[in-house]
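Source file: upload_0.cif; contents: mmCIF, N, CA and C atoms and all ligand atoms.
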```
data_protein
loop_
_atom_site.group_PDB
_atom_site.id
_atom_site.type_symbol
_atom_site.label_atom_id
_atom_site.label_comp_id
_atom_site.auth_asym_id
_atom_site.auth_seq_id
_atom_site.Cartn_x
_atom_site.Cartn_y
_atom_site.Cartn_z
ATOM 1 N N MET E 13 101.023 95.605 129.876
ATOM 2 C CA MET E 13 99.734 95.564 129.225
ATOM 3 C C MET E 13 99.940 95.797 127.732
ATOM 4 N N LYS E 14 99.217 95.023 126.960
ATOM 5 C CA LYS E 14 99.359 95.124 125.511
ATOM 6 C C LYS E 14 98.157 95.848 124.915
ATOM 7 N N TYR E 15 98.419 96.576 123.845
ATOM 8 C CA TYR E 15 97.351 97.262 123.124
ATOM 9 C C TYR E 15 97.757 97.403 121.664
ATOM 10 N N LYS E 16 96.778 97.639 120.816
ATOM 11 C CA LYS E 16 97.053 97.734 119.390
ATOM 12 C C LYS E 16 96.715 99.130 118.869
ATOM 13 N N LEU E 17 97.535 99.586 117.946
ATOM 14 C CA LEU E 17 97.311 100.864 117.267
ATOM 15 C C LEU E 17 97.472 100.651 115.769
ATOM 16 N N PHE E 18 96.657 101.352 114.996
ATOM 17 C CA PHE E 18 96.855 101.343 113.550
ATOM 18 C C PHE E 18 98.015 102.269 113.208
ATOM 19 N N ASP E 19 98.844 101.844 112.263
ATOM 20 C CA ASP E 19 99.798 102.753 111.637
ATOM 21 C C ASP E 19 99.032 103.527 110.578
ATOM 22 N N LEU E 20 99.456 104.756 110.314
ATOM 23 C CA LEU E 20 98.726 105.617 109.390
ATOM 24 C C LEU E 20 99.636 106.148 108.290
ATOM 25 N N LYS E 21 99.017 106.419 107.165
ATOM 26 C CA LYS E 21 99.710 107.083 106.061
ATOM 27 C C LYS E 21 98.859 108.288 105.670
ATOM 28 N N ILE E 22 99.425 109.473 105.787
ATOM 29 C CA ILE E 22 98.706 110.705 105.474
ATOM 30 C C ILE E 22 99.277 111.255 104.167
ATOM 31 N N THR E 23 98.398 111.465 103.199
ATOM 32 C CA THR E 23 98.829 111.893 101.867
ATOM 33 C C THR E 23 98.026 113.103 101.412
ATOM 34 N N THR E 24 98.714 114.087 100.841
ATOM 35 C CA THR E 24 98.055 115.264 100.268
ATOM 36 C C THR E 24 97.428 114.883 98.931
ATOM 37 N N ILE E 25 96.124 115.178 98.797
ATOM 38 C CA ILE E 25 95.427 114.862 97.552
ATOM 39 C C ILE E 25 94.631 116.089 97.105
ATOM 40 N N GLY E 26 94.108 116.026 95.903
ATOM 41 C CA GLY E 26 93.273 117.106 95.382
ATOM 42 C C GLY E 26 93.836 117.686 94.105
ATOM 43 N N ASP E 27 93.123 118.661 93.580
ATOM 44 C CA ASP E 27 93.513 119.352 92.348
ATOM 45 C C ASP E 27 94.394 120.531 92.724
ATOM 46 N N LYS E 28 95.674 120.465 92.361
ATOM 47 C CA LYS E 28 96.601 121.521 92.786
ATOM 48 C C LYS E 28 96.179 122.901 92.291
ATOM 49 N N GLY E 29 95.348 122.939 91.244
ATOM 50 C CA GLY E 29 94.838 124.212 90.748
ATOM 51 C C GLY E 29 93.908 124.893 91.740
ATOM 52 N N THR E 30 93.407 124.133 92.723
ATOM 53 C CA THR E 30 92.507 124.698 93.735
ATOM 54 C C THR E 30 93.234 125.012 95.037
ATOM 55 N N PHE E 31 94.530 124.739 95.093
ATOM 56 C CA PHE E 31 95.286 124.947 96.334
ATOM 57 C C PHE E 31 95.603 126.428 96.514
ATOM 58 N N ASN E 32 95.401 126.917 97.710
ATOM 59 C CA ASN E 32 95.769 128.285 98.050
ATOM 60 C C ASN E 32 97.091 128.305 98.821
ATOM 61 N N CYS E 33 97.544 127.154 99.224
ATOM 62 C CA CYS E 33 98.785 127.018 99.995
ATOM 63 C C CYS E 33 99.829 126.331 99.108
ATOM 64 N N SER E 34 100.963 126.045 99.681
ATOM 65 C CA SER E 34 102.062 125.460 98.905
ATOM 66 C C SER E 34 102.084 123.935 98.978
ATOM 67 N N HIS E 35 100.938 123.307 99.210
ATOM 68 C CA HIS E 35 100.889 121.844 99.274
ATOM 69 C C HIS E 35 101.339 121.247 97.946
ATOM 70 N N ILE E 36 101.872 120.060 98.025
ATOM 71 C CA ILE E 36 102.249 119.303 96.829
ATOM 72 C C ILE E 36 101.517 117.964 96.886
ATOM 73 N N VAL E 37 100.753 117.673 95.846
ATOM 74 C CA VAL E 37 100.021 116.406 95.789
ATOM 75 C C VAL E 37 101.011 115.252 95.960
ATOM 76 N N GLY E 38 100.678 114.326 96.840
ATOM 77 C CA GLY E 38 101.526 113.163 97.095
ATOM 78 C C GLY E 38 102.411 113.314 98.306
ATOM 79 N N ASP E 39 102.625 114.547 98.773
ATOM 80 C CA ASP E 39 103.426 114.737 99.986
ATOM 81 C C ASP E 39 102.670 114.216 101.197
ATOM 82 N N GLY E 40 103.394 113.898 102.240
ATOM 83 C CA GLY E 40 102.736 113.433 103.445
ATOM 84 C C GLY E 40 103.691 112.783 104.419
ATOM 85 N N PHE E 41 103.127 111.952 105.264
ATOM 86 C CA PHE E 41 103.936 111.326 106.310
ATOM 87 C C PHE E 41 103.265 110.070 106.834
ATOM 88 N N PHE E 42 104.067 109.261 107.509
ATOM 89 C CA PHE E 42 103.579 108.063 108.179
ATOM 90 C C PHE E 42 103.481 108.350 109.673
ATOM 91 N N VAL E 43 102.567 107.667 110.329
ATOM 92 C CA VAL E 43 102.482 107.685 111.790
ATOM 93 C C VAL E 43 102.587 106.237 112.259
ATOM 94 N N CYS E 44 103.619 105.963 113.025
ATOM 95 C CA CYS E 44 103.836 104.620 113.577
ATOM 96 C C CYS E 44 104.026 104.789 115.082
ATOM 97 N N GLY E 45 103.039 104.322 115.845
ATOM 98 C CA GLY E 45 103.092 104.542 117.289
ATOM 99 C C GLY E 45 103.070 106.027 117.562
ATOM 100 N N GLU E 46 104.071 106.522 118.277
ATOM 101 C CA GLU E 46 104.127 107.948 118.592
ATOM 102 C C GLU E 46 104.934 108.750 117.573
ATOM 103 N N GLN E 47 105.499 108.081 116.590
ATOM 104 C CA GLN E 47 106.432 108.726 115.669
ATOM 105 C C GLN E 47 105.766 109.183 114.378
ATOM 106 N N ILE E 48 106.161 110.362 113.921
ATOM 107 C CA ILE E 48 105.800 110.853 112.601
ATOM 108 C C ILE E 48 107.059 110.810 111.742
ATOM 109 N N GLN E 49 106.925 110.229 110.552
ATOM 110 C CA GLN E 49 108.052 110.199 109.617
ATOM 111 C C GLN E 49 107.563 110.692 108.266
ATOM 112 N N PHE E 50 108.117 111.830 107.823
ATOM 113 C CA PHE E 50 107.711 112.390 106.538
ATOM 114 C C PHE E 50 108.211 111.508 105.402
ATOM 115 N N PHE E 51 107.448 111.476 104.313
ATOM 116 C CA PHE E 51 107.883 110.721 103.139
ATOM 117 C C PHE E 51 109.256 111.247 102.730
ATOM 118 N N GLU E 52 110.044 110.367 102.165
ATOM 119 C CA GLU E 52 111.410 110.729 101.788
ATOM 120 C C GLU E 52 111.444 111.950 100.860
ATOM 121 N N TYR E 53 110.475 112.048 99.988
ATOM 122 C CA TYR E 53 110.451 113.138 99.014
ATOM 123 C C TYR E 53 109.669 114.361 99.500
ATOM 124 N N THR E 54 109.100 114.318 100.700
ATOM 125 C CA THR E 54 108.377 115.470 101.241
ATOM 126 C C THR E 54 109.382 116.427 101.862
ATOM 127 N N LYS E 55 109.580 117.543 101.190
ATOM 128 C CA LYS E 55 110.605 118.490 101.631
ATOM 129 C C LYS E 55 110.064 119.510 102.628
ATOM 130 N N GLN E 56 108.762 119.759 102.574
ATOM 131 C CA GLN E 56 108.152 120.710 103.499
ATOM 132 C C GLN E 56 106.688 120.338 103.658
ATOM 133 N N PHE E 57 106.098 120.789 104.791
ATOM 134 C CA PHE E 57 104.694 120.469 105.050
ATOM 135 C C PHE E 57 104.128 121.605 105.878
ATOM 136 N N SER E 58 102.977 122.109 105.489
ATOM 137 C CA SER E 58 102.356 123.240 106.170
ATOM 138 C C SER E 58 102.103 122.929 107.648
ATOM 139 N N HIS E 59 102.592 123.781 108.542
ATOM 140 C CA HIS E 59 102.329 123.525 109.959
ATOM 141 C C HIS E 59 100.871 123.807 110.300
ATOM 142 N N TYR E 60 100.191 124.619 109.510
ATOM 143 C CA TYR E 60 98.762 124.828 109.737
ATOM 144 C C TYR E 60 97.997 123.539 109.417
ATOM 145 N N ALA E 61 98.367 122.910 108.314
ATOM 146 C CA ALA E 61 97.735 121.637 107.964
ATOM 147 C C ALA E 61 98.082 120.572 109.001
ATOM 148 N N LEU E 62 99.333 120.552 109.428
ATOM 149 C CA LEU E 62 99.753 119.566 110.428
ATOM 150 C C LEU E 62 98.980 119.755 111.730
ATOM 151 N N ALA E 63 98.806 121.008 112.151
ATOM 152 C CA ALA E 63 98.055 121.296 113.380
ATOM 153 C C ALA E 63 96.603 120.833 113.260
ATOM 154 N N THR E 64 96.057 120.938 112.070
ATOM 155 C CA THR E 64 94.687 120.483 111.839
ATOM 156 C C THR E 64 94.605 118.962 111.906
ATOM 157 N N LEU E 65 95.609 118.304 111.394
ATOM 158 C CA LEU E 65 95.599 116.841 111.337
ATOM 159 C C LEU E 65 95.888 116.192 112.685
ATOM 160 N N LEU E 66 96.718 116.805 113.488
ATOM 161 C CA LEU E 66 97.201 116.161 114.713
ATOM 162 C C LEU E 66 96.096 115.599 115.615
ATOM 163 N N PRO E 67 95.010 116.339 115.883
ATOM 164 C CA PRO E 67 93.997 115.769 116.803
ATOM 165 C C PRO E 67 93.354 114.482 116.279
ATOM 166 N N TYR E 68 93.352 114.308 114.970
ATOM 167 C CA TYR E 68 92.722 113.115 114.388
ATOM 168 C C TYR E 68 93.627 111.889 114.443
ATOM 169 N N LEU E 69 94.930 112.104 114.516
ATOM 170 C CA LEU E 69 95.858 110.985 114.375
ATOM 171 C C LEU E 69 95.700 109.964 115.495
ATOM 172 N N ALA E 70 95.679 110.416 116.739
ATOM 173 C CA ALA E 70 95.548 109.474 117.852
ATOM 174 C C ALA E 70 94.200 108.755 117.783
ATOM 175 N N ALA E 71 93.161 109.479 117.365
ATOM 176 C CA ALA E 71 91.842 108.841 117.261
ATOM 177 C C ALA E 71 91.820 107.824 116.127
ATOM 178 N N LYS E 72 92.403 108.174 114.988
ATOM 179 C CA LYS E 72 92.421 107.242 113.856
ATOM 180 C C LYS E 72 93.291 106.022 114.157
ATOM 181 N N GLN E 73 94.272 106.163 115.031
ATOM 182 C CA GLN E 73 95.084 105.009 115.394
ATOM 183 C C GLN E 73 94.270 104.002 116.202
ATOM 184 N N ARG E 74 93.218 104.479 116.872
ATOM 185 C CA ARG E 74 92.516 103.634 117.825
ATOM 186 C C ARG E 74 91.121 103.192 117.396
ATOM 187 N N ALA E 75 90.346 104.067 116.789
ATOM 188 C CA ALA E 75 88.944 103.749 116.527
ATOM 189 C C ALA E 75 88.823 102.469 115.709
ATOM 190 N N ASP E 76 88.103 101.489 116.228
ATOM 191 C CA ASP E 76 87.976 100.233 115.487
ATOM 192 C C ASP E 76 86.532 99.737 115.412
ATOM 193 N N ASP E 77 85.579 100.591 115.756
ATOM 194 C CA ASP E 77 84.170 100.252 115.612
ATOM 195 C C ASP E 77 83.723 100.764 114.236
ATOM 196 N N VAL E 78 83.328 99.863 113.355
ATOM 197 C CA VAL E 78 83.016 100.249 111.973
ATOM 198 C C VAL E 78 81.839 101.219 111.880
ATOM 199 N N ASN E 79 81.045 101.342 112.941
ATOM 200 C CA ASN E 79 79.930 102.282 112.941
ATOM 201 C C ASN E 79 80.319 103.659 113.472
ATOM 202 N N ASP E 80 81.534 103.775 113.980
ATOM 203 C CA ASP E 80 82.047 105.047 114.494
ATOM 204 C C ASP E 80 82.555 105.867 113.306
ATOM 205 N N TRP E 81 82.093 107.115 113.153
ATOM 206 C CA TRP E 81 82.511 107.924 112.009
ATOM 207 C C TRP E 81 84.029 108.084 111.965
ATOM 208 N N MET E 82 84.660 108.038 113.140
ATOM 209 C CA MET E 82 86.115 108.159 113.162
ATOM 210 C C MET E 82 86.774 106.966 112.471
ATOM 211 N N TYR E 83 86.061 105.861 112.388
ATOM 212 C CA TYR E 83 86.593 104.678 111.717
ATOM 213 C C TYR E 83 86.615 104.867 110.202
ATOM 214 N N TYR E 84 85.521 105.386 109.652
ATOM 215 C CA TYR E 84 85.417 105.381 108.191
ATOM 216 C C TYR E 84 85.683 106.729 107.524
ATOM 217 N N GLU E 85 85.597 107.838 108.230
ATOM 218 C CA GLU E 85 85.940 109.122 107.606
ATOM 219 C C GLU E 85 87.451 109.190 107.441
ATOM 220 N N SER E 86 87.902 109.540 106.259
ATOM 221 C CA SER E 86 89.341 109.489 106.043
ATOM 222 C C SER E 86 89.913 110.724 105.348
ATOM 223 N N LEU E 87 89.093 111.741 105.112
ATOM 224 C CA LEU E 87 89.594 112.946 104.454
ATOM 225 C C LEU E 87 89.468 114.151 105.383
ATOM 226 N N ILE E 88 90.550 114.891 105.502
ATOM 227 C CA ILE E 88 90.583 116.114 106.305
ATOM 228 C C ILE E 88 90.940 117.259 105.364
ATOM 229 N N ALA E 89 90.189 118.352 105.452
ATOM 230 C CA ALA E 89 90.438 119.504 104.578
ATOM 231 C C ALA E 89 91.516 120.401 105.159
ATOM 232 N N CYS E 90 92.202 121.095 104.277
ATOM 233 C CA CYS E 90 93.137 122.137 104.697
ATOM 234 C C CYS E 90 92.355 123.180 105.503
ATOM 235 N N PRO E 91 92.950 123.734 106.557
ATOM 236 C CA PRO E 91 92.214 124.711 107.371
ATOM 237 C C PRO E 91 91.980 126.046 106.659
ATOM 238 N N ASP E 92 92.672 126.300 105.565
ATOM 239 C CA ASP E 92 92.433 127.524 104.802
ATOM 240 C C ASP E 92 91.150 127.336 103.990
ATOM 241 N N PRO E 93 90.098 128.097 104.280
ATOM 242 C CA PRO E 93 88.830 127.897 103.570
ATOM 243 C C PRO E 93 88.917 128.193 102.074
ATOM 244 N N GLN E 94 89.976 128.876 101.647
ATOM 245 C CA GLN E 94 90.160 129.174 100.228
ATOM 246 C C GLN E 94 90.977 128.091 99.519
ATOM 247 N N CYS E 95 91.380 127.075 100.249
ATOM 248 C CA CYS E 95 92.274 126.046 99.712
ATOM 249 C C CYS E 95 91.506 124.744 99.501
ATOM 250 N N GLY E 96 91.741 124.118 98.374
ATOM 251 C CA GLY E 96 91.030 122.876 98.045
ATOM 252 C C GLY E 96 91.773 121.609 98.404
ATOM 253 N N ALA E 97 92.908 121.732 99.078
ATOM 254 C CA ALA E 97 93.688 120.526 99.406
ATOM 255 C C ALA E 97 92.966 119.670 100.440
ATOM 256 N N LEU E 98 93.128 118.376 100.269
ATOM 257 C CA LEU E 98 92.621 117.398 101.233
ATOM 258 C C LEU E 98 93.783 116.529 101.668
ATOM 259 N N PHE E 99 93.620 115.943 102.844
ATOM 260 C CA PHE E 99 94.635 115.032 103.364
ATOM 261 C C PHE E 99 93.955 113.707 103.657
ATOM 262 N N SER E 100 94.431 112.694 102.994
ATOM 263 C CA SER E 100 93.877 111.355 103.148
ATOM 264 C C SER E 100 94.582 110.645 104.298
ATOM 265 N N ILE E 101 93.802 110.057 105.192
ATOM 266 C CA ILE E 101 94.366 109.271 106.293
ATOM 267 C C ILE E 101 94.038 107.804 106.019
ATOM 268 N N GLU E 102 95.071 107.044 105.754
ATOM 269 C CA GLU E 102 94.918 105.630 105.419
ATOM 270 C C GLU E 102 95.556 104.779 106.511
ATOM 271 N N ARG E 103 94.841 103.759 106.921
ATOM 272 C CA ARG E 103 95.417 102.817 107.883
ATOM 273 C C ARG E 103 96.237 101.791 107.114
ATOM 274 N N THR E 104 97.431 101.531 107.567
ATOM 275 C CA THR E 104 98.305 100.607 106.845
ATOM 276 C C THR E 104 98.416 99.263 107.560
ATOM 277 N N GLU E 105 98.811 99.262 108.803
ATOM 278 C CA GLU E 105 98.950 98.030 109.572
ATOM 279 C C GLU E 105 98.441 98.289 110.975
ATOM 280 N N ARG E 106 98.287 97.220 111.710
ATOM 281 C CA ARG E 106 97.920 97.363 113.118
ATOM 282 C C ARG E 106 99.023 96.709 113.933
ATOM 283 N N ALA E 107 99.734 97.518 114.672
ATOM 284 C CA ALA E 107 100.875 97.030 115.440
ATOM 285 C C ALA E 107 100.496 96.901 116.914
ATOM 286 N N GLU E 108 101.157 95.983 117.575
ATOM 287 C CA GLU E 108 100.904 95.771 118.997
ATOM 288 C C GLU E 108 102.004 96.437 119.814
ATOM 289 N N TYR E 109 101.607 97.111 120.865
ATOM 290 C CA TYR E 109 102.547 97.789 121.742
ATOM 291 C C TYR E 109 102.340 97.270 123.153
ATOM 292 N N GLU E 110 103.312 97.532 124.001
ATOM 293 C CA GLU E 110 103.222 97.037 125.369
ATOM 294 C C GLU E 110 103.838 98.054 126.308
ATOM 295 N N TYR E 111 103.218 98.216 127.433
ATOM 296 C CA TYR E 111 103.835 99.011 128.483
ATOM 297 C C TYR E 111 103.688 98.263 129.792
ATOM 298 N N GLY E 112 104.651 98.458 130.653
ATOM 299 C CA GLY E 112 104.662 97.724 131.902
ATOM 300 C C GLY E 112 103.882 98.417 132.992
ATOM 301 N N GLU E 113 103.395 97.616 133.934
ATOM 302 C CA GLU E 113 102.724 98.181 135.098
ATOM 303 C C GLU E 113 103.768 98.416 136.165
ATOM 304 N N GLU E 114 103.638 99.511 136.834
ATOM 305 C CA GLU E 114 104.613 99.860 137.884
ATOM 306 C C GLU E 114 104.019 99.619 139.233
HETATM 307 ZN ZN ZN G 201 95.922 124.628 102.004
#
```

Please, can you express the file's structure as structure tokens?
Ligand SMILES: [Zn+2]
Amino acid sequence: MKYKLFDLKITTIGDKGTFNCSHIVGDGFFVCGEQIQFFEYTKQFSHYALATLLPYLAAKQRADDVNDWMYYESLIACPDPQCGALFSIERTERAEYEYGEE
């Protein structure tokens, strides 16, 4: 059976002067299928931020109804309420995957 998923690019954005954590503007990662690949220059990434982002990734890979908020909302805030960092989720490509029936 074939199905399609969006590939994603997650990027740290915002005014670093408002960050309460050690985020670096421009750091982030790609999501391709089930794989996460950090940008080559991303040396570290907050696991609290990653934990916040994870539930959205599978949904953002799939939602394709333009009226669904999951389709058009693309900014996720850092879970630290004192931190101004945002994480942008951008769809890059839509890849086709296949799994066999047993
Ligand atoms: Zn933060």

The PyMOL selection byres (((not hetatm) and name CA) within 6 of (chain G and resi 201)) resolved against shown file, as a count of residues only = 7

request  = Please write the residues picked by the PyMOL selection byres (((chain E and resi 36-38) around 8) and not hetatm) on this file as an MDAnalysis selection string.
outcome  = chainID E and resid 22:28 33:35 39:41 51 53:54 56:58

inquiry  = Here is a test: counting only C-alpha atoms, which residue of E:Gly112, E:Tyr84, E:Ala107, E:Pro93 is nearest to Lys72 in chain E?
reply    =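 Nearest candidate to Lys72 in chain E out of E:Gly112, E:Tyr84, E:Ala107, E:Pro93: E:Tyr84.
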
request  = Considering all atoms listed in the file, state which residue in the set E:Lys21, E:Phe50, E:Glu113, E:Tyr15 is at the smallest distance from Ile101 in chain E.
outcome  =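 Closest to Ile101 in chain E of all the choices is E:Lys21.
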
request  = From a DSSP pass on the backbone, collect the residues of range 14-67 of chain E flagged as helix (DSSP H, G or I) and hand them back as a ChimeraX atom specification.
outcome  = /E:28-30,59-67

Box centre and edge lengths (Å, one decimal), axis-aligned, range 15-30 of chain E plus 4 Å each side, as lines of an AutoDock Vina configuration file:
```
center_x = 96.2
center_y = 110.8
center_z = 107.3
size_x = 15.3
size_y = 36.4
size_z = 41.1
```

query = Got a sec to resolve the PyMOL selection byres (((chain E and resi 70 and name CA) around 10) and not hetatm and name CA) on this structure and send the residues as number ranges by chain?
reply = E: 17-18, 20, 43, 45-46, 65-69, 71-75

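Distances to Tyr109 in chain E were evaluated for E:Gly29, E:Glu85, E:Cys44, E:Glu52 using only C-alpha atoms, and the minimum falls at E:Cys44.
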
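One finds atom C of Ser86 in chain E at 7.9 Å from atom C of Leu98 in chain E.
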
remark   = Counting only C-alpha atoms, the residue among E:Asn79, E:Tyr111, E:Arg103, E:Tyr60 that lies closest to Pro91 in chain E is E:Tyr60

key: Between atom C of Tyr83 in chain E and atom N of Ile48 in chain E, distance in Å (one decimal)   =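 Taking atom C of Tyr83 in chain E as the start and atom N of Ile48 in chain E as the end point, the length is 20.6 Å.
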
message = Can you measure atom N of Phe42 in chain E to CA of His59 in chain E for me? One decimal in Å is fine.
response = 14.6 Å
